[in-house]
$ cat my_file11.cif   # mmCIF, C-alpha atoms and all ligand atoms
data_input
#
loop_
_atom_site.label_atom_id
_atom_site.label_comp_id
_atom_site.auth_asym_id
_atom_site.auth_seq_id
_atom_site.Cartn_x
_atom_site.Cartn_y
_atom_site.Cartn_z
CA MET A 1 -36.43 11.21 7.68
CA SER A 2 -36.83 12.88 11.05
CA ARG A 3 -35.87 16.55 11.35
CA ALA A 4 -35.46 16.51 15.17
CA TYR A 5 -32.59 14.83 17.06
CA ASP A 6 -31.05 14.80 20.51
CA LEU A 7 -27.57 15.42 19.10
CA LEU A 8 -26.35 16.92 15.83
CA VAL A 9 -22.77 16.05 14.83
CA MET A 10 -21.12 18.00 12.01
CA GLY A 11 -18.29 16.18 10.20
CA GLY A 12 -17.89 12.42 9.68
CA GLY A 13 -14.13 11.94 10.28
CA PRO A 14 -12.73 10.11 13.34
CA GLY A 15 -13.86 12.91 15.72
CA GLY A 16 -17.45 13.07 14.47
CA THR A 17 -18.00 9.32 14.15
CA SER A 18 -16.53 8.73 17.62
CA ALA A 19 -18.95 11.27 19.12
CA ALA A 20 -21.92 9.95 17.16
CA ILE A 21 -21.30 6.27 18.03
CA THR A 22 -20.75 7.07 21.72
CA ALA A 23 -24.03 9.01 22.01
CA ALA A 24 -26.04 6.54 19.91
CA ARG A 25 -24.84 3.60 22.05
CA SER A 26 -26.19 5.48 25.07
CA GLY A 27 -29.60 5.46 23.41
CA TRP A 28 -29.78 9.00 21.97
CA ARG A 29 -31.08 9.99 18.53
CA VAL A 30 -28.05 11.25 16.61
CA LEU A 31 -27.70 12.91 13.20
CA LEU A 32 -24.22 12.82 11.61
CA VAL A 33 -23.67 15.12 8.63
CA GLU A 34 -20.67 14.79 6.30
CA ARG A 35 -19.77 17.01 3.35
CA GLY A 36 -17.74 14.38 1.45
CA ARG A 37 -18.27 10.73 0.51
CA PHE A 38 -16.41 7.69 1.89
CA PRO A 39 -14.18 5.97 1.05
CA ARG A 40 -11.62 8.58 -0.03
CA HIS A 41 -7.91 9.18 0.36
CA LYS A 42 -6.93 11.88 2.85
CA VAL A 43 -3.64 13.63 3.57
CA CYS A 44 -2.44 11.74 6.66
CA GLY A 45 0.58 9.71 7.78
CA GLU A 46 -1.91 6.96 8.80
CA PHE A 47 -0.02 6.24 12.02
CA VAL A 48 -2.61 5.28 14.63
CA SER A 49 -1.01 5.63 18.05
CA THR A 50 -1.13 2.89 20.67
CA GLU A 51 -3.12 5.07 23.06
CA SER A 52 -6.23 5.05 20.87
CA LEU A 53 -6.37 1.43 19.71
CA ALA A 54 -8.59 0.11 22.53
CA LEU A 55 -11.06 2.95 22.01
CA LEU A 56 -11.00 2.37 18.25
CA LYS A 57 -11.80 -1.32 18.79
CA TRP A 58 -14.76 -0.38 20.97
CA LEU A 59 -16.04 2.21 18.47
CA LEU A 60 -15.83 -0.17 15.51
CA GLY A 61 -18.15 -2.70 17.14
CA GLU A 62 -18.47 -6.33 16.08
CA SER A 63 -19.16 -5.70 12.40
CA GLN A 64 -16.01 -3.67 11.60
CA GLN A 65 -13.32 -5.57 13.57
CA ASP A 66 -11.84 -6.74 10.27
CA LEU A 67 -10.19 -3.29 10.00
CA LEU A 68 -7.96 -4.00 13.00
CA GLN A 69 -7.19 -7.52 11.85
CA ARG A 70 -5.94 -6.12 8.52
CA ALA A 71 -3.96 -3.27 10.14
CA LEU A 72 -0.17 -3.42 9.98
CA THR A 73 1.77 -3.35 13.24
CA LEU A 74 4.42 -0.68 13.76
CA SER A 75 7.01 -1.44 16.42
CA GLU A 76 9.92 0.80 15.48
CA SER A 77 10.41 4.38 14.39
CA ARG A 78 13.56 5.77 12.72
CA LEU A 79 14.30 9.50 12.76
CA PHE A 80 16.66 10.83 10.09
CA LEU A 81 17.93 14.23 11.18
CA ASP A 82 21.19 16.18 10.76
CA GLY A 83 22.89 13.21 9.07
CA ARG A 84 22.07 10.87 11.97
CA MET A 85 19.58 8.04 12.40
CA VAL A 86 17.90 7.51 15.76
CA ARG A 87 15.89 4.33 16.34
CA VAL A 88 12.96 4.55 18.75
CA PRO A 89 11.11 1.37 19.72
CA ILE A 90 7.31 1.69 19.73
CA ASN A 91 6.17 -0.47 22.62
CA PRO A 92 3.32 -1.36 22.80
CA SER A 93 3.05 -1.23 19.02
CA ALA A 94 1.06 1.29 17.02
CA ALA A 95 -0.96 0.52 13.88
CA SER A 96 -0.85 1.63 10.28
CA ILE A 97 -4.35 2.01 8.85
CA ALA A 98 -5.21 3.71 5.55
CA ARG A 99 -7.68 6.55 5.99
CA TYR A 100 -9.47 5.13 2.95
CA ASP A 101 -10.44 2.16 5.14
CA LEU A 102 -10.47 3.74 8.63
CA ASP A 103 -12.95 6.50 7.90
CA LEU A 104 -15.29 4.17 5.99
CA ALA A 105 -15.24 1.56 8.78
CA LEU A 106 -16.04 4.20 11.42
CA TRP A 107 -18.84 5.56 9.23
CA ASN A 108 -20.31 2.04 8.86
CA ALA A 109 -19.97 1.50 12.61
CA ALA A 110 -21.92 4.73 13.23
CA GLU A 111 -24.76 3.51 11.00
CA ASN A 112 -24.72 0.15 12.77
CA ALA A 113 -25.00 1.96 16.11
CA GLY A 114 -28.26 3.54 14.90
CA VAL A 115 -26.91 6.97 13.87
CA THR A 116 -28.72 8.70 10.99
CA ALA A 117 -25.72 9.38 8.78
CA LEU A 118 -25.91 11.72 5.77
CA GLN A 119 -23.02 11.93 3.29
CA GLU A 120 -22.52 14.60 0.61
CA THR A 121 -24.43 16.99 2.83
CA THR A 122 -22.80 20.27 3.86
CA VAL A 123 -23.70 22.16 7.01
CA GLN A 124 -24.02 25.77 5.93
CA GLY A 125 -24.76 27.44 9.26
CA ILE A 126 -25.89 27.01 12.86
CA ARG A 127 -28.59 28.94 14.69
CA GLY A 128 -29.54 29.02 18.36
CA GLU A 129 -27.74 28.56 21.65
CA GLY A 130 -29.54 25.34 22.59
CA PRO A 131 -31.75 24.03 21.15
CA PHE A 132 -29.94 24.38 17.80
CA ARG A 133 -30.91 24.45 14.13
CA ILE A 134 -28.53 23.64 11.32
CA ALA A 135 -29.05 24.64 7.71
CA THR A 136 -27.69 21.99 5.34
CA SER A 137 -27.82 21.17 1.66
CA ALA A 138 -30.51 18.59 2.61
CA GLY A 139 -32.67 21.09 4.50
CA GLU A 140 -32.91 22.17 8.14
CA PHE A 141 -32.48 19.91 11.20
CA ARG A 142 -33.05 20.55 14.90
CA GLY A 143 -31.06 19.25 17.85
CA ARG A 144 -30.92 19.69 21.63
CA ALA A 145 -27.11 19.70 21.51
CA ILE A 146 -24.44 20.01 18.84
CA ILE A 147 -20.87 18.87 18.25
CA ASN A 148 -18.62 20.50 15.68
CA ALA A 149 -16.19 17.88 14.31
CA SER A 150 -15.76 19.51 10.92
CA GLY A 151 -11.96 19.33 10.90
CA ARG A 152 -9.26 21.95 10.92
CA TRP A 153 -10.39 23.91 7.89
CA SER A 154 -14.12 24.11 7.33
CA ASN A 155 -16.62 26.75 6.31
CA LEU A 156 -17.85 26.60 9.95
CA LYS A 157 -15.10 28.74 11.46
CA LEU A 158 -16.29 28.30 15.01
CA ALA A 159 -13.22 27.69 17.09
CA VAL A 160 -10.80 30.54 16.52
CA ASN A 161 -9.18 32.77 14.02
CA ASN A 162 -7.67 30.20 11.69
CA SER A 163 -5.68 32.58 9.59
CA SER A 164 -2.62 33.30 11.76
CA GLY A 165 0.49 31.14 12.19
CA THR A 166 2.75 29.43 9.67
CA ARG A 167 0.83 28.02 6.71
CA TRP A 168 2.12 24.55 5.84
CA LEU A 169 1.38 22.39 2.81
CA GLY A 170 0.44 18.73 3.41
CA LEU A 171 1.00 16.09 0.68
CA LYS A 172 0.53 12.33 0.54
CA ALA A 173 0.49 9.33 -1.81
CA HIS A 174 0.85 5.57 -1.59
CA PHE A 175 3.69 3.96 -3.50
CA HIS A 176 4.69 0.50 -4.67
CA GLY A 177 8.18 0.23 -3.21
CA ASP A 178 10.41 -1.36 -0.60
CA ARG A 179 9.34 -3.41 2.44
CA GLU A 180 10.91 -1.45 5.34
CA PRO A 181 8.61 -2.22 8.31
CA SER A 182 9.35 0.94 10.38
CA VAL A 183 7.87 4.44 10.56
CA ASP A 184 10.59 6.63 9.11
CA LEU A 185 10.68 10.39 9.57
CA TYR A 186 13.01 12.33 7.28
CA PHE A 187 13.61 15.90 8.47
CA PHE A 188 14.99 18.60 6.17
CA GLU A 189 15.13 22.39 6.09
CA GLY A 190 11.54 23.65 6.06
CA GLY A 191 9.68 20.38 6.66
CA TYR A 192 9.66 16.62 6.98
CA CYS A 193 8.32 13.51 5.28
CA GLY A 194 7.05 10.36 7.00
CA VAL A 195 7.21 6.96 5.31
CA GLN A 196 5.54 3.80 6.61
CA PRO A 197 4.06 0.61 5.19
CA VAL A 198 0.28 0.53 4.76
CA ARG A 199 -2.18 -2.04 3.46
CA SER A 200 -4.03 -1.04 0.31
CA PRO A 201 -7.74 -1.83 -0.18
CA ASP A 202 -6.80 -4.84 -2.38
CA GLY A 203 -4.65 -6.26 0.44
CA SER A 204 -1.19 -5.55 -0.99
CA ILE A 205 1.42 -3.72 1.10
CA LEU A 206 2.31 -0.24 -0.11
CA LEU A 207 4.29 2.68 1.34
CA ASN A 208 2.62 5.83 2.56
CA ALA A 209 4.75 8.95 2.04
CA CYS A 210 3.23 11.96 3.74
CA ALA A 211 4.90 15.34 4.14
CA LEU A 212 4.42 18.70 5.75
CA VAL A 213 6.44 21.51 4.19
CA GLY A 214 6.70 25.25 4.50
CA ARG A 215 5.74 27.55 1.66
CA GLY A 216 8.25 27.52 -1.18
CA VAL A 217 10.05 24.40 0.11
CA ALA A 218 8.34 22.01 -2.31
CA ALA A 219 5.18 22.12 -4.40
CA THR A 220 4.90 18.43 -5.29
CA LEU A 221 5.58 15.13 -3.54
CA GLU A 222 8.24 14.41 -6.16
CA GLU A 223 10.07 17.56 -5.02
CA VAL A 224 9.62 16.57 -1.36
CA LEU A 225 11.24 13.17 -1.93
CA CYS A 226 14.36 14.94 -3.26
CA ARG A 227 14.73 17.15 -0.15
CA HIS A 228 16.53 14.49 1.89
CA PRO A 229 19.45 12.58 0.30
CA LEU A 230 18.57 9.21 1.89
CA LEU A 231 14.90 9.57 0.97
CA ALA A 232 15.84 10.58 -2.58
CA ALA A 233 17.95 7.43 -2.94
CA ARG A 234 15.33 5.19 -1.30
CA SER A 235 12.40 6.47 -3.38
CA ARG A 236 14.11 6.22 -6.77
CA SER A 237 12.42 2.88 -7.54
CA TRP A 238 8.98 3.76 -6.11
CA THR A 239 5.90 4.15 -8.31
CA ALA A 240 2.78 5.99 -7.14
CA ALA A 241 -0.40 3.94 -6.60
CA PHE A 242 -2.59 7.04 -7.02
CA ALA A 243 -2.13 10.73 -7.78
CA PRO A 244 -0.91 12.59 -4.65
CA VAL A 245 -3.50 14.38 -2.54
CA THR A 246 -2.68 17.74 -0.98
CA THR A 247 -4.08 20.08 1.63
CA PHE A 248 -3.36 23.77 2.24
CA PRO A 249 -3.11 25.62 4.53
CA VAL A 250 -2.20 23.45 7.53
CA ILE A 251 -1.95 25.68 10.62
CA LEU A 252 -0.88 24.36 14.03
CA ARG A 253 -3.32 25.61 16.63
CA GLN A 254 -3.76 25.35 20.39
CA PRO A 255 -7.10 23.81 21.36
CA VAL A 256 -10.41 25.63 21.90
CA PRO A 257 -12.79 22.85 23.04
CA VAL A 258 -15.94 24.98 23.33
CA SER A 259 -17.25 27.96 21.31
CA GLY A 260 -20.35 29.53 22.86
CA ASN A 261 -22.61 26.52 23.43
CA VAL A 262 -21.06 24.45 20.64
CA VAL A 263 -18.64 21.63 21.50
CA ASN A 264 -15.57 21.34 19.25
CA ALA A 265 -13.95 17.92 18.87
CA GLY A 266 -10.95 16.61 16.93
CA ASP A 267 -9.16 19.03 14.62
CA ALA A 268 -12.08 21.46 14.95
CA ALA A 269 -10.94 21.93 18.56
CA GLY A 270 -7.20 22.21 17.81
CA PHE A 271 -4.57 20.93 15.42
CA VAL A 272 -1.50 19.16 16.78
CA ASP A 273 1.76 18.82 14.83
CA PRO A 274 1.36 15.65 12.72
CA PHE A 275 4.83 14.31 13.55
CA VAL A 276 3.64 13.28 17.02
CA GLY A 277 1.18 10.96 15.22
CA ASP A 278 -1.66 11.75 17.61
CA GLY A 279 -4.27 13.64 15.54
CA ILE A 280 -6.47 10.58 14.98
CA ALA A 281 -6.15 9.56 18.65
CA LEU A 282 -7.08 13.08 19.79
CA ALA A 283 -10.08 13.07 17.46
CA LEU A 284 -11.31 9.64 18.61
CA ARG A 285 -10.82 10.49 22.27
CA GLY A 286 -12.12 14.06 21.93
CA GLY A 287 -15.29 12.88 20.17
CA ASN A 288 -15.84 10.25 22.86
CA LEU A 289 -15.28 12.73 25.71
CA ALA A 290 -17.50 15.36 24.07
CA ALA A 291 -20.38 12.93 23.58
CA ARG A 292 -20.11 11.52 27.10
CA ASN A 293 -20.32 14.97 28.63
CA ILE A 294 -23.21 15.97 26.35
CA CYS A 295 -25.02 12.74 27.35
CA THR A 296 -25.19 14.00 30.95
CA PHE A 297 -27.19 16.97 29.64
CA LEU A 298 -29.37 14.82 27.37
CA GLY A 299 -30.13 12.52 30.31
CA GLY A 300 -31.12 15.45 32.54
CA GLN A 301 -28.21 15.01 35.02
CA SER A 302 -26.78 18.47 34.16
CA GLN A 303 -27.52 21.74 32.41
CA LEU A 304 -26.01 22.23 28.92
CA LYS A 305 -23.51 24.76 30.33
CA GLN A 306 -22.37 22.31 33.03
CA SER A 307 -21.84 19.53 30.50
CA LEU A 308 -19.72 21.88 28.36
CA GLU A 309 -17.65 22.81 31.42
CA GLY A 310 -17.23 19.10 32.16
CA TYR A 311 -15.89 18.54 28.65
CA GLU A 312 -13.49 21.50 28.91
CA ARG A 313 -12.12 20.12 32.19
CA ALA A 314 -11.71 16.61 30.79
CA TYR A 315 -10.06 18.01 27.66
CA ARG A 316 -7.59 20.04 29.72
CA ARG A 317 -6.73 17.04 31.86
CA SER A 318 -6.30 14.31 29.29
CA LEU A 319 -5.90 15.80 25.79
CA ARG A 320 -4.18 19.14 26.22
CA PRO A 321 -0.86 17.65 27.44
CA THR A 322 -0.32 16.25 23.92
CA TYR A 323 -0.29 19.80 22.51
CA ARG A 324 2.31 20.85 25.08
CA ALA A 325 4.45 17.85 24.18
CA SER A 326 4.30 18.60 20.47
CA SER A 327 5.28 22.24 21.10
CA LEU A 328 8.28 20.98 23.09
CA LEU A 329 9.35 18.66 20.28
CA ARG A 330 8.97 21.45 17.72
CA ARG A 331 11.10 23.73 19.91
CA PHE A 332 13.72 21.00 20.04
CA LEU A 333 13.88 21.02 16.23
CA GLY A 334 14.51 24.78 16.41
CA VAL A 335 17.44 24.65 18.89
CA PRO A 336 20.97 25.36 17.61
CA ARG A 337 22.31 22.48 15.55
CA GLY A 338 25.23 21.79 17.92
CA LEU A 339 22.99 21.28 20.94
CA ARG A 340 20.53 19.20 18.95
CA GLY A 341 23.43 17.13 17.62
CA ALA A 342 24.62 16.31 21.15
CA LEU A 343 21.20 15.03 22.19
CA LEU A 344 20.74 13.13 18.94
CA ALA A 345 24.15 11.48 19.36
CA ALA A 346 23.15 10.36 22.87
CA CYS A 347 19.85 8.95 21.54
CA GLU A 348 21.61 7.30 18.62
CA SER A 349 23.76 5.24 20.94
CA SER A 350 20.96 4.58 23.45
CA PRO A 351 17.53 3.57 22.08
CA ARG A 352 16.36 3.39 25.72
CA LEU A 353 17.07 7.10 26.17
CA ALA A 354 15.29 7.88 22.88
CA ARG A 355 12.32 5.83 24.00
CA TYR A 356 12.26 7.50 27.40
CA LEU A 357 12.21 10.97 25.81
CA VAL A 358 9.44 10.06 23.38
CA GLU A 359 7.34 8.43 26.11
CA ALA A 360 7.72 11.52 28.28
CA THR A 361 5.76 13.40 25.62
CA ARG A 362 2.88 10.95 25.44
CA SER A 363 -0.26 10.42 27.51
CA LYS A 364 -0.57 7.33 29.64
CA ALA A 365 -2.39 4.61 27.72
CA GLY A 366 -4.03 3.10 30.81
CA GLU A 367 -5.39 6.44 31.94
CA LEU A 368 -6.82 7.06 28.48
CA GLN A 369 -8.56 3.72 28.22
CA GLN A 370 -10.29 4.13 31.55
CA ASP A 371 -12.17 7.12 30.15
CA PHE A 372 -14.51 5.24 27.88
CA TYR A 373 -14.69 1.95 29.78
CA GLN A 374 -16.02 3.85 32.77
CA GLN A 375 -19.06 4.71 30.75
CA SER A 376 -19.66 1.55 28.75
C1 LIG B 1 0.27 16.12 6.69
C2 LIG B 1 -0.55 15.48 7.79
C3 LIG B 1 -0.18 14.24 8.31
C4 LIG B 1 -0.90 13.66 9.36
N1 LIG B 1 -0.51 12.44 9.84
C5 LIG B 1 -1.16 11.89 10.90
C6 LIG B 1 -0.77 10.62 11.42
O1 LIG B 1 0.12 9.95 10.91
N2 LIG B 1 -1.44 10.14 12.53
C7 LIG B 1 -2.44 10.85 13.12
O2 LIG B 1 -2.98 10.38 14.13
N3 LIG B 1 -2.86 12.03 12.61
C8 LIG B 1 -2.25 12.57 11.51
N4 LIG B 1 -2.69 13.75 10.98
C9 LIG B 1 -3.83 14.43 11.62
C10 LIG B 1 -5.17 13.74 11.32
O3 LIG B 1 -5.34 13.60 9.93
C11 LIG B 1 -6.31 14.57 11.91
O4 LIG B 1 -5.98 14.96 13.20
C12 LIG B 1 -7.64 13.79 11.92
O5 LIG B 1 -8.10 13.57 10.61
C13 LIG B 1 -8.68 14.57 12.70
O6 LIG B 1 -9.95 13.97 12.58
P1 LIG B 1 -11.27 14.90 12.60
O7 LIG B 1 -12.41 13.98 12.57
O8 LIG B 1 -11.16 15.90 13.67
O9 LIG B 1 -11.19 15.74 11.24
P2 LIG B 1 -11.30 15.22 9.76
O10 LIG B 1 -10.76 13.85 9.61
O11 LIG B 1 -10.72 16.30 8.90
O12 LIG B 1 -12.87 15.11 9.50
C14 LIG B 1 -13.66 16.27 9.40
C15 LIG B 1 -14.78 15.99 8.42
O13 LIG B 1 -15.69 17.09 8.43
C16 LIG B 1 -16.20 17.27 7.14
N5 LIG B 1 -16.74 18.63 7.03
C17 LIG B 1 -16.05 19.82 7.02
N6 LIG B 1 -16.91 20.85 6.95
C18 LIG B 1 -18.14 20.32 6.91
C19 LIG B 1 -19.44 20.89 6.81
N7 LIG B 1 -19.62 22.22 6.75
N8 LIG B 1 -20.52 20.08 6.77
C20 LIG B 1 -20.35 18.72 6.84
N9 LIG B 1 -19.14 18.12 6.93
C21 LIG B 1 -18.06 18.92 6.96
C22 LIG B 1 -15.00 17.01 6.24
O14 LIG B 1 -15.40 16.65 4.93
C23 LIG B 1 -14.28 15.88 6.98
O15 LIG B 1 -14.60 14.60 6.47
C24 LIG B 1 -2.03 14.34 9.89
C25 LIG B 1 -2.43 15.56 9.34
C26 LIG B 1 -1.72 16.13 8.30
C27 LIG B 1 -2.18 17.44 7.72
#
$ encode --input "my_file11.cif" --output "C-alpha cells" --more "lines below"
Ligand SMILES: Cc1cc2nc3c(=O)[nH]c(=O)nc-3n(C[C@H](O)[C@H](O)[C@H](O)COP(=O)(O)OP(=O)(O)OC[C@H]3O[C@@H](n4cnc5c(N)ncnc54)[C@H](O)[C@@H]3O)c2cc1C
Amino acid sequence: MSRAYDLLVMGGGPGGTSAAITAARSGWRVLLVERGRFPRHKVCGEFVSTESLALLKWLLGESQQDLLQRALTLSESRLFLDGRMVRVPINPSAASIARYDLDLALWNAAENAGVTALQETTVQGIRGEGPFRIATSAGEFRGRAIINASGRWSNLKLAVNNSSGTRWLGLKAHFHGDREPSVDLYFFEGGYCGVQPVRSPDGSILLNACALVGRGVAATLEEVLCRHPLLAARSRSWTAAFAPVTTFPVILRQPVPVSGNVVNAGDAAGFVDPFVGDGIALALRGGNLAARNICTFLGGQSQLKQSLEGYERAYRRSLRPTYRASSLLRRFLGVPRGLRGALLAACESSPRLARYLVEATRSKAGELQQDFYQQS
C-alpha cells in the first residue's frame, strides 16, 4: 500500500466519503481513514433532506443506485407540540434511509471511485502545515492536503472547544410497529423524539425512533417514549428490532470550516440541531465543497491558503444559512407558550403557512445542486 497521497480524508461518514469520492473522480490519489467498521447502526433520525438527494445520487455512482431505489419517500411531517398537531407538506419529498445502509453504500462508492479506503484504522494525530503526515493505527501516511471529517466528537479536536454549551443525549432504535408514513416530531419539556418509517436491511418496513434529550430528562429510549402522551400511547405495541444506540454528549455548535491549514467538513465543521434534518445534507455538501476547493490547489490553480479561503467563502454562502435557520427555530421553541400557541394555531389551520415558514428556513435546492454539477 502506498504511503503518499494527494489528499488524506479522516472519517468515513457522509462528509468524508463525499470529499473522497469528489477528489478521486477528479483524478487525485485519495486515502480515506475510518475508525469504525461498516455497516453499523448510528444515532440519527435518518431523514435525508430533499436538497441533498441529487448530490447523493451523483456520489453513489452506478453501482450503488439501489440504495435510492429502496429508500422510502417522505412527503409529510407532523409536529406535535403544546397539545396541537401541525401538518407540514414536504414538497419535493425527502427520503428515509437507514444509516446502516447509507454509510456502507457511500463507503463502497468511494472504493469504486478509486479511493484507498481503510476501516478500523484510527487517526491518532496530524503533523505539518502542508504537506501533512498522519499517524494512524496502520502506520504513518503523507498527503499534500487534508480534510477532517471525523464527526462532532472525535479524538482530533481540531475545530473548536467542544466542551461548552448544553450537553444533550441522543438515542435511537428501530421498532416493529405501525405504518404511519409521515415524519412525526414529538416535542416535550427538555427534548423531542422523531419517528419515521425506515426500510430495514431485510427489506421490511420498521419505525425509527430517535430522540435528543437534556440531561436528567430520560436515560433510556423507553423513558423517552413516555415523555409525550400521544407517543406513549402510539408506542405501546412497538417492539425493538435491535438494542437502542446512544451518543453523549451532543453539543450544538456554530461552524468552523477551517482550522490552521486543515479543512473541516460535516459535523467536524459544525453541528446543526438535528430537528432541521439537515446534518447529512450539510456533510455531503460540505465534503463536496471542501474537496472541490482543495482540487484547485492539487491541480496547481491556487495556493493551499487560497483554496482554504475559497472553501470558507463557499461555506459561508451556501451552508451557514442552515445554522442560522436552526437557531431561529430553536428560539421559537423557547418563546412564551402563549405566543408560540398563537403561531401554532395559525399553522394548524393553514398547512400553506406552515410550509412557507419551514421553507423560509431552508436553502434553495436548485442553488445547491448547481454547486457540484458545475464541476462534474
Ligand atoms: C439525535 C440525532 C439525530 C439526527 N438526525 C438526523 C436526521 O434525521 N437527518 C440528518 O440529516 N442528520 C441527522 N443527524 C445528524 C447527522 O447524523 C450528522 O450530521 C452526520 O452523521 C454528519 O456526517 P459526518 O460524516 O460529518 O460525521 P459522522 O457521520 O459522525 O462520521 C464521522 C466518522 O469519523 C470517524 N472518526 C472519528 N474519529 C476518527 C479518527 N480519529 N480516525 C478515523 N476515523 C474517525 C467516525 O467513526 C465516524 O464514522 C442527527 C444527529 C443526532 C445526534
$ residues_near_ligand --input "my_file11.cif" --ligand "ligand LIG 1 (chain B)" --cutoff "7 Å" --atoms "only C-alpha atoms and all ligand atoms" --output "MDAnalysis selection string"
chainID A and resid 10:16 33:36 43:49 121:124 149:152 154:156 170:171 210:212 247 250 265:268 271 274:275 277:283
$ closest_residue --input "my_file11.cif" --among "A:Leu7, A:Ala218, A:Ala117, A:Val276" --to "A:Thr322" --atoms "all atoms listed in the file"
A:Val276
$ residues_around --input "my_file11.cif" --residues "A:Ser96" --least-positions-apart "6" --cutoff "8 Å" --atoms "only C-alpha atoms" --output "count of residues only"
11
$ closest_residue --input "my_file11.cif" --among "A:Arg292, A:Arg215, A:Arg313, A:Arg320" --to "A:Arg253" --atoms "all atoms listed in the file"
A:Arg320
$ atom_distance --input "my_file11.cif" --atom1 "atom CA of A:Gln119" --atom2 "atom CA of A:Asp103"
12.3 Å
$ closest_residue --input "my_file11.cif" --among "A:Gly287, A:Gly270, A:Gly299, A:Pro257" --to "A:Ser26" --atoms "all atoms listed in the file"
A:Gly299
$ atom_distance --input "my_file11.cif" --atom1 "atom CA of A:Ile251" --atom2 "atom CA of A:Phe187"
18.5 Å
$ residues_around --input "my_file11.cif" --residues "A:Ala4" --least-positions-apart "6" --cutoff "7 Å" --atoms "only C-alpha atoms" --output "list in words"
Phe141, Arg142 and Gly143 of chain A
$ closest_residue --input "my_file11.cif" --among "A:Ala173, A:Ile126, A:Leu79, A:Leu32" --to "A:Ser200" --atoms "all atoms listed in the file"
A:Ala173
$ residues_around --input "my_file11.cif" --residues "stretch 221-236 of chain A" --least-positions-apart "2" --cutoff "9 Å" --atoms "all atoms listed in the file" --output "JSON list (two decimals) with C-alpha atoms, keeping the file's coordinate frame"
[["chain", "number", "residue", "atom", "x", "y", "z"],
["A", 80, "PHE", "CA", 16.66, 10.83, 10.09],
["A", 171, "LEU", "CA", 1.00, 16.09, 0.68],
["A", 172, "LYS", "CA", 0.53, 12.33, 0.54],
["A", 173, "ALA", "CA", 0.49, 9.33, -1.81],
["A", 177, "GLY", "CA", 8.18, 0.23, -3.21],
["A", 178, "ASP", "CA", 10.41, -1.36, -0.60],
["A", 186, "TYR", "CA", 13.01, 12.33, 7.28],
["A", 187, "PHE", "CA", 13.61, 15.90, 8.47],
["A", 188, "PHE", "CA", 14.99, 18.60, 6.17],
["A", 189, "GLU", "CA", 15.13, 22.39, 6.09],
["A", 191, "GLY", "CA", 9.68, 20.38, 6.66],
["A", 192, "TYR", "CA", 9.66, 16.62, 6.98],
["A", 193, "CYS", "CA", 8.32, 13.51, 5.28],
["A", 209, "ALA", "CA", 4.75, 8.95, 2.04],
["A", 210, "CYS", "CA", 3.23, 11.96, 3.74],
["A", 211, "ALA", "CA", 4.90, 15.34, 4.14],
["A", 213, "VAL", "CA", 6.44, 21.51, 4.19],
["A", 217, "VAL", "CA", 10.05, 24.40, 0.11],
["A", 218, "ALA", "CA", 8.34, 22.01, -2.31],
["A", 219, "ALA", "CA", 5.18, 22.12, -4.40],
["A", 238, "TRP", "CA", 8.98, 3.76, -6.11],
["A", 239, "THR", "CA", 5.90, 4.15, -8.31],
["A", 244, "PRO", "CA", -0.91, 12.59, -4.65]]
$ closest_atom_pairs --input "my_file11.cif" --of "stretch 92-128 of chain A" --to "stretch 52-68 of chain A" --cutoff "12 Å" --atoms "all atoms listed in the file" --output "CSV"
residue,atom,partner,partner_atom,distance
A:Pro92,CA,A:Leu53,CA,10.5
A:Ser93,CA,A:Leu53,CA,9.8
A:Ala94,CA,A:Leu53,CA,7.9
A:Ala95,CA,A:Leu53,CA,8.0
A:Ser96,CA,A:Leu68,CA,9.5
A:Ile97,CA,A:Leu67,CA,8.0
A:Ala98,CA,A:Leu67,CA,9.7
A:Arg99,CA,A:Leu67,CA,10.9
A:Tyr100,CA,A:Leu67,CA,11.0
A:Asp101,CA,A:Leu67,CA,7.3
A:Leu102,CA,A:Leu67,CA,7.2
A:Asp103,CA,A:Leu67,CA,10.4
A:Leu104,CA,A:Gln64,CA,9.7
A:Ala105,CA,A:Gln64,CA,6.0
A:Leu106,CA,A:Leu60,CA,6.0
A:Trp107,CA,A:Leu60,CA,9.0
A:Asn108,CA,A:Gln64,CA,7.7
A:Ala109,CA,A:Leu60,CA,5.3
A:Ala110,CA,A:Leu60,CA,8.1
A:Glu111,CA,A:Leu60,CA,10.7
A:Asn112,CA,A:Ser63,CA,8.1
A:Ala113,CA,A:Gly61,CA,8.3
$ closest_residue --input "my_file11.cif" --among "A:Gly260, A:Gly27, A:Gly216, A:Gly341" --to "A:Cys295" --atoms "only C-alpha atoms"
A:Gly27
$ atom_distance --input "my_file11.cif" --atom1 "atom CA of A:Gly310" --atom2 "atom CA of A:Ala20"
18.2 Å
$ closest_residue --input "my_file11.cif" --among "A:Ala354, A:Val115, A:Ala135, A:Ile205" --to "A:Thr17" --atoms "all atoms listed in the file"
A:Val115
